[in-house]
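> Sharing target_3.cif (mmCIF, C-alpha atoms) below.
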data_target
loop_
_atom_site.label_atom_id
_atom_site.label_comp_id
_atom_site.auth_asym_id
_atom_site.auth_seq_id
_atom_site.Cartn_x
_atom_site.Cartn_y
_atom_site.Cartn_z
CA MET A 1 86.74 64.43 146.25
CA PRO A 2 88.05 67.96 145.77
CA LYS A 3 91.76 68.35 146.39
CA PHE A 4 93.69 71.54 146.64
CA GLN A 5 97.41 72.21 147.11
CA ASP A 6 99.15 75.55 147.24
CA THR A 7 102.77 76.52 147.86
CA THR A 8 103.29 80.11 148.95
CA PRO A 9 106.73 81.64 149.48
CA VAL A 10 106.73 83.98 152.48
CA PRO A 11 109.47 86.17 153.99
CA HIS A 12 108.86 84.73 157.48
CA SER A 13 110.73 81.78 158.98
CA ALA A 14 109.35 78.25 159.02
CA GLY A 15 109.17 78.46 162.83
CA GLN A 16 107.17 81.68 162.73
CA MET A 17 104.72 80.29 160.20
CA PHE A 18 104.38 77.00 162.09
CA ASP A 19 103.57 78.92 165.29
CA LEU A 20 101.03 81.08 163.47
CA VAL A 21 99.16 78.12 161.94
CA ALA A 22 99.41 76.16 165.20
CA ASP A 23 97.62 78.97 167.07
CA VAL A 24 94.21 77.61 166.04
CA GLU A 25 92.24 79.55 168.65
CA ARG A 26 92.99 82.77 166.70
CA TYR A 27 91.57 81.54 163.37
CA PRO A 28 88.21 83.32 163.76
CA GLU A 29 90.11 86.64 163.88
CA PHE A 30 91.42 86.38 160.32
CA LEU A 31 90.56 83.16 158.47
CA PRO A 32 87.87 83.33 155.76
CA MET A 33 84.60 81.62 156.76
CA CYS A 34 85.90 80.56 160.20
CA GLU A 35 83.30 81.80 162.66
CA ALA A 36 84.41 79.89 165.75
CA LEU A 37 87.06 77.46 166.89
CA ARG A 38 87.10 75.70 170.23
CA VAL A 39 89.87 73.39 171.45
CA LYS A 40 88.20 70.57 173.38
CA GLU A 41 91.35 68.65 174.29
CA ARG A 42 95.11 69.26 174.27
CA ARG A 43 97.83 66.67 174.94
CA GLU A 44 101.62 66.99 174.78
CA ARG A 45 103.79 63.96 174.06
CA ASP A 46 107.21 63.26 172.58
CA GLY A 47 107.71 66.87 171.46
CA MET A 48 104.35 66.94 169.68
CA THR A 49 100.98 68.41 170.61
CA MET A 50 97.65 66.82 169.76
CA LEU A 51 94.50 68.96 169.75
CA ILE A 52 90.88 67.99 169.32
CA ALA A 53 89.02 71.04 168.04
CA ASP A 54 85.60 72.07 166.78
CA MET A 55 85.60 74.55 163.92
CA THR A 56 82.44 76.34 162.78
CA VAL A 57 82.47 77.63 159.23
CA GLY A 58 79.77 79.67 157.63
CA TYR A 59 78.73 81.55 154.57
CA LYS A 60 75.54 83.58 154.39
CA MET A 61 72.84 81.40 156.01
CA ILE A 62 74.82 78.14 156.05
CA ARG A 63 76.73 77.04 159.18
CA GLU A 64 78.55 73.76 159.73
CA THR A 65 80.68 72.58 162.64
CA PHE A 66 83.18 69.78 162.37
CA THR A 67 85.64 68.15 164.74
CA SER A 68 89.27 67.49 163.82
CA ARG A 69 92.40 66.07 165.37
CA VAL A 70 95.32 68.44 164.88
CA LEU A 71 98.81 67.03 165.32
CA LEU A 72 101.50 69.70 165.73
CA LYS A 73 104.99 68.40 164.85
CA PRO A 74 107.38 71.34 165.41
CA GLU A 75 110.54 69.27 164.84
CA GLU A 76 109.30 68.43 161.33
CA ASN A 77 107.64 71.80 160.62
CA VAL A 78 104.43 69.89 159.86
CA ILE A 79 100.83 70.19 161.02
CA ASP A 80 98.51 67.27 160.18
CA VAL A 81 94.74 67.62 160.49
CA SER A 82 92.47 64.56 160.51
CA TYR A 83 88.70 64.72 160.36
CA LEU A 84 86.73 63.14 163.22
CA GLU A 85 83.09 64.24 163.00
CA GLY A 86 80.76 66.51 161.06
CA PRO A 87 79.44 67.06 157.53
CA PHE A 88 82.33 65.40 155.67
CA ARG A 89 82.82 61.85 154.49
CA TYR A 90 86.52 62.58 154.99
CA LEU A 91 88.90 65.51 155.27
CA ASP A 92 92.69 65.33 155.27
CA ASN A 93 94.75 68.47 155.62
CA ARG A 94 98.50 69.04 155.92
CA TRP A 95 100.61 72.14 156.40
CA THR A 96 104.35 71.89 155.68
CA PHE A 97 106.80 74.73 156.26
CA ARG A 98 110.00 74.44 154.21
CA PRO A 99 112.86 76.75 155.21
CA ARG A 100 114.57 78.64 152.40
CA ASP A 101 118.16 79.89 152.25
CA ASP A 102 117.01 83.53 152.39
CA GLY A 103 115.48 83.02 155.87
CA GLY A 104 111.91 82.83 154.61
CA CYS A 105 109.97 79.66 153.95
CA ASP A 106 107.60 77.98 151.54
CA VAL A 107 104.21 77.27 153.09
CA VAL A 108 102.64 74.17 151.56
CA PHE A 109 98.90 73.78 152.20
CA PHE A 110 97.18 70.55 151.10
CA ILE A 111 93.57 69.53 151.61
CA ASP A 112 91.50 66.63 150.33
CA TYR A 113 87.84 66.33 151.33
CA GLU A 114 84.39 65.14 150.41
CA PHE A 115 81.03 66.07 151.92
CA LYS A 116 78.75 63.26 153.17
CA SER A 117 75.74 64.81 151.47
CA ARG A 118 75.81 65.42 147.76
CA ALA A 119 73.40 68.34 148.22
CA LEU A 120 75.62 69.97 150.86
CA GLY A 121 78.60 69.40 148.60
CA MET A 122 76.84 71.26 145.80
CA VAL A 123 75.85 74.16 148.06
CA MET A 124 79.09 74.50 150.04
CA GLY A 125 81.62 73.00 147.63
CA ALA A 126 82.27 76.13 145.56
CA MET A 127 82.44 78.24 148.72
CA PHE A 128 84.96 75.86 150.33
CA ASP A 129 87.07 75.79 147.18
CA ARG A 130 87.19 79.59 147.14
CA ALA A 131 88.04 79.75 150.84
CA PHE A 132 90.86 77.20 150.56
CA HIS A 133 92.40 79.26 147.78
CA MET A 134 92.42 82.24 150.18
CA PHE A 135 93.83 80.37 153.22
CA SER A 136 97.53 80.71 152.41
CA GLN A 137 97.07 84.40 151.66
CA ALA A 138 95.19 84.91 154.91
CA PHE A 139 98.01 83.33 156.91
CA GLN A 140 100.66 85.37 155.09
CA LYS A 141 98.78 88.59 155.79
CA ARG A 142 98.39 87.57 159.43
CA ALA A 143 102.14 86.85 159.66
CA ASP A 144 102.90 90.32 158.29
CA VAL A 145 100.67 91.83 160.99
CA ILE A 146 102.09 89.70 163.84
CA TYR A 147 105.77 89.59 162.86
CA GLY A 148 106.00 92.71 160.73
CA GLN A 149 107.34 92.92 157.23
CA ASP A 150 110.68 94.47 158.19
CA ASN A 151 111.78 91.75 160.63
CA ALA A 152 110.40 88.84 158.63
CA ARG A 153 113.63 86.85 158.82
CA THR A 154 114.75 87.57 162.38
CA ALA A 155 113.15 84.63 164.20
#
Can you give me the file's structure in the form of structure tokens?

Amino acid sequence: MPKFQDTTPVPHSAGQMFDLVADVERYPEFLPMCEALRVKERRERDGMTMLIADMTVGYKMIRETFTSRVLLKPEENVIDVSYLEGPFRYLDNRWTFRPRDDGGCDVVFFIDYEFKSRALGMVMGAMFDRAFHMFSQAFQKRADVIYGQDNARTA
């Protein structure tokens, strides 16, 4: 039943940050504990994109893969992630990108989850908590690399 929410102001536009988080195939390049991500299905409809993806996370000798449905809503600057299969009892995740007057945005990351196994929760819980605290930072650093710090507000 751990929940975590973080709001991070970034100098990049809401559109830039949405695109960066929506590019799930790149997560293994920069996201803590993400060892692999494979999109199994992709469907476009009514201006939204729905992905079914497997994500493998690991720390030391522990590896777990879970399947999620990712709903990309560019018109709303929202990405909703729903858990489908794997080691969790449930997992709900939402990214919201709120434009600011200065051209940057506030990135809101929310996650609520519980492992199926109490033992797995004890082993991986602290690691997941630490990783979720680093997620927003990891995306901000990635945005600085991709978009640059000097032209943060140009797109």
> Given all atoms listed in the file as the basis, pick out the residue of A:Ser82, A:Thr8, A:Ser117, A:Asn77 nearest to Asp54 of chain A.
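So, comparing all the options, the nearest one is A:Ser82.
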> Using all atoms listed in the file, I'd like a table of the residues in segment 80-135 of chain A that come within 10 Å of segment 15-28 of chain A; for each, show the closest atom pair and its distance in Å rounded to one decimal, ordered by chain and ascending number, as CSV.

residue,atom,partner,partner_atom,distance
A:Trp95,CA,A:Val21,CA,8.3
A:Thr96,CA,A:Phe18,CA,8.2
A:Phe97,CA,A:Phe18,CA,6.7
A:Arg98,CA,A:Gly15,CA,9.5
A:Pro99,CA,A:Gly15,CA,8.6
A:Gly104,CA,A:Met17,CA,9.5
A:Cys105,CA,A:Met17,CA,8.2
A:Asp106,CA,A:Met17,CA,9.4
A:Val107,CA,A:Met17,CA,7.7
> For the residues in that selection, give me C-alpha atoms as an mmCIF file, in the coordinates of the input.

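Output contents, as saved in again.cif:
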data_model
loop_
_atom_site.group_PDB
_atom_site.id
_atom_site.type_symbol
_atom_site.label_atom_id
_atom_site.label_comp_id
_atom_site.auth_asym_id
_atom_site.auth_seq_id
_atom_site.Cartn_x
_atom_site.Cartn_y
_atom_site.Cartn_z
ATOM 1 C CA TRP A 95 100.610 72.140 156.400
ATOM 2 C CA THR A 96 104.350 71.890 155.680
ATOM 3 C CA PHE A 97 106.800 74.730 156.260
ATOM 4 C CA ARG A 98 110.000 74.440 154.210
ATOM 5 C CA PRO A 99 112.860 76.750 155.210
ATOM 6 C CA GLY A 104 111.910 82.830 154.610
ATOM 7 C CA CYS A 105 109.970 79.660 153.950
ATOM 8 C CA ASP A 106 107.600 77.980 151.540
ATOM 9 C CA VAL A 107 104.210 77.270 153.090
#
> Around (80.3, 78.6, 159.2) in the file's frame, which residues reach within 8 Å when counting only C-alpha atoms? Return as a list in words?
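Residues with an atom at most 8 Å from (80.3, 78.6, 159.2): Met33, Cys34, Glu35, Ala36, Thr56, Val57, Gly58, Tyr59, Ile62, Arg63, Glu64 and Thr65 of chain A.
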> So which residues get picked by the PyMOL selection byres ((chain A and resi 38) around 6) here, written as a PDB file with C-alpha atoms, in the frame of the given file?

ATOM      1  CA  LEU A  37      87.060  77.460 166.890  1.00  0.00           C
ATOM      2  CA  VAL A  39      89.870  73.390 171.450  1.00  0.00           C
ATOM      3  CA  ALA A  53      89.020  71.040 168.040  1.00  0.00           C
ATOM      4  CA  ASP A  54      85.600  72.070 166.780  1.00  0.00           C
TER       5      ASP A  54
END
> Please compute the atom CA of Arg142 of chain A-atom CA of Ile111 of chain A distance, one decimal, in Å.
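Those two atoms sit 20.2 Å apart.
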> From the options A:Pro87, A:Gly47, A:Pro32, A:Pro2, which residue's atoms come nearest to Ala119 of chain A, counting all atoms listed in the file?
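Distance minimum relative to Ala119 of chain A lands on A:Pro87.
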> Any chance you could work out the axis-aligned box around segment 4-16 of chain A, listed atoms only, 4 Å on each side, giving centre and edge lengths in Å to one decimal, as lines of an AutoDock Vina configuration file?

center_x = 102.2
center_y = 78.9
center_z = 154.7
size_x = 25.0
size_y = 22.6
size_z = 24.2
> What is the distance between atom CA of Thr7 of chain A and atom CA of Val108 of chain A, in Å to one decimal?
4.4 Å
> Enter the distance from atom CA of Lys73 of chain A to atom CA of Met50 of chain A, in Å, rounded to one decimal.
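The value is 9.0 Å.
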> Given the file shown, determine the residues that the PyMOL selection byres ((chain A and resi 139) around 9) selects; report them as a ChimeraX atom specification.
/A:17,20-21,30-31,134-138,140-144
> Would you mind putting back N, CA and C atoms on segment 53-79 of chain A, then writing it out as a JSON list (two decimals), in the coordinates of the input?

[["chain", "number", "residue", "atom", "x", "y", "z"],
["A", 53, "ALA", "N", 89.64, 69.72, 168.14],
["A", 53, "ALA", "CA", 89.02, 71.04, 168.04],
["A", 53, "ALA", "C", 87.76, 71.00, 167.19],
["A", 54, "ASP", "N", 86.81, 71.84, 167.57],
["A", 54, "ASP", "CA", 85.60, 72.07, 166.78],
["A", 54, "ASP", "C", 85.78, 73.38, 166.03],
["A", 55, "MET", "N", 85.53, 73.35, 164.73],
["A", 55, "MET", "CA", 85.60, 74.55, 163.92],
["A", 55, "MET", "C", 84.23, 74.77, 163.28],
["A", 56, "THR", "N", 83.70, 75.98, 163.42],
["A", 56, "THR", "CA", 82.44, 76.34, 162.78],
["A", 56, "THR", "C", 82.75, 77.26, 161.61],
["A", 57, "VAL", "N", 82.29, 76.83, 160.43],
["A", 57, "VAL", "CA", 82.47, 77.63, 159.23],
["A", 57, "VAL", "C", 81.09, 78.05, 158.73],
["A", 58, "GLY", "N", 81.05, 79.20, 158.11],
["A", 58, "GLY", "CA", 79.77, 79.67, 157.63],
["A", 58, "GLY", "C", 79.90, 80.60, 156.44],
["A", 59, "TYR", "N", 78.82, 80.64, 155.70],
["A", 59, "TYR", "CA", 78.73, 81.55, 154.57],
["A", 59, "TYR", "C", 77.26, 81.85, 154.37],
["A", 60, "LYS", "N", 76.93, 83.13, 154.47],
["A", 60, "LYS", "CA", 75.54, 83.58, 154.39],
["A", 60, "LYS", "C", 74.71, 82.85, 155.44],
["A", 61, "MET", "N", 73.72, 82.06, 155.04],
["A", 61, "MET", "CA", 72.84, 81.40, 156.01],
["A", 61, "MET", "C", 73.29, 79.98, 156.37],
["A", 62, "ILE", "N", 74.37, 79.51, 155.82],
["A", 62, "ILE", "CA", 74.82, 78.14, 156.05],
["A", 62, "ILE", "C", 75.91, 78.12, 157.12],
["A", 63, "ARG", "N", 75.76, 77.23, 158.11],
["A", 63, "ARG", "CA", 76.73, 77.04, 159.18],
["A", 63, "ARG", "C", 76.96, 75.55, 159.35],
["A", 64, "GLU", "N", 78.21, 75.15, 159.46],
["A", 64, "GLU", "CA", 78.55, 73.76, 159.73],
["A", 64, "GLU", "C", 79.69, 73.73, 160.74],
["A", 65, "THR", "N", 79.61, 72.79, 161.67],
["A", 65, "THR", "CA", 80.68, 72.58, 162.64],
["A", 65, "THR", "C", 81.23, 71.19, 162.44],
["A", 66, "PHE", "N", 82.55, 71.09, 162.47],
["A", 66, "PHE", "CA", 83.18, 69.78, 162.37],
["A", 66, "PHE", "C", 84.31, 69.67, 163.38],
["A", 67, "THR", "N", 84.62, 68.44, 163.75],
["A", 67, "THR", "CA", 85.64, 68.15, 164.74],
["A", 67, "THR", "C", 86.84, 67.52, 164.05],
["A", 68, "SER", "N", 88.03, 68.00, 164.41],
["A", 68, "SER", "CA", 89.27, 67.49, 163.82],
["A", 68, "SER", "C", 90.29, 67.20, 164.90],
["A", 69, "ARG", "N", 91.21, 66.32, 164.55],
["A", 69, "ARG", "CA", 92.40, 66.07, 165.37],
["A", 69, "ARG", "C", 93.55, 66.80, 164.68],
["A", 70, "VAL", "N", 94.21, 67.66, 165.42],
["A", 70, "VAL", "CA", 95.32, 68.44, 164.88],
["A", 70, "VAL", "C", 96.59, 67.97, 165.56],
["A", 71, "LEU", "N", 97.54, 67.52, 164.78],
["A", 71, "LEU", "CA", 98.81, 67.03, 165.32],
["A", 71, "LEU", "C", 99.90, 68.02, 164.93],
["A", 72, "LEU", "N", 100.45, 68.71, 165.94],
["A", 72, "LEU", "CA", 101.50, 69.70, 165.73],
["A", 72, "LEU", "C", 102.86, 69.02, 165.89],
["A", 73, "LYS", "N", 103.67, 69.04, 164.85],
["A", 73, "LYS", "CA", 104.99, 68.40, 164.85],
["A", 73, "LYS", "C", 106.06, 69.47, 164.59],
["A", 74, "PRO", "N", 106.45, 70.22, 165.62],
["A", 74, "PRO", "CA", 107.38, 71.34, 165.41],
["A", 74, "PRO", "C", 108.75, 70.91, 164.90],
["A", 75, "GLU", "N", 109.23, 69.73, 165.30],
["A", 75, "GLU", "CA", 110.54, 69.27, 164.84],
["A", 75, "GLU", "C", 110.57, 69.03, 163.33],
["A", 76, "GLU", "N", 109.40, 68.71, 162.76],
["A", 76, "GLU", "CA", 109.30, 68.43, 161.33],
["A", 76, "GLU", "C", 108.74, 69.61, 160.55],
["A", 77, "ASN", "N", 108.32, 70.67, 161.25],
["A", 77, "ASN", "CA", 107.64, 71.80, 160.62],
["A", 77, "ASN", "C", 106.41, 71.34, 159.84],
["A", 78, "VAL", "N", 105.62, 70.47, 160.48],
["A", 78, "VAL", "CA", 104.43, 69.89, 159.86],
["A", 78, "VAL", "C", 103.26, 69.96, 160.83],
["A", 79, "ILE", "N", 102.08, 70.25, 160.27],
["A", 79, "ILE", "CA", 100.83, 70.19, 161.02],
["A", 79, "ILE", "C", 99.88, 69.31, 160.22]]
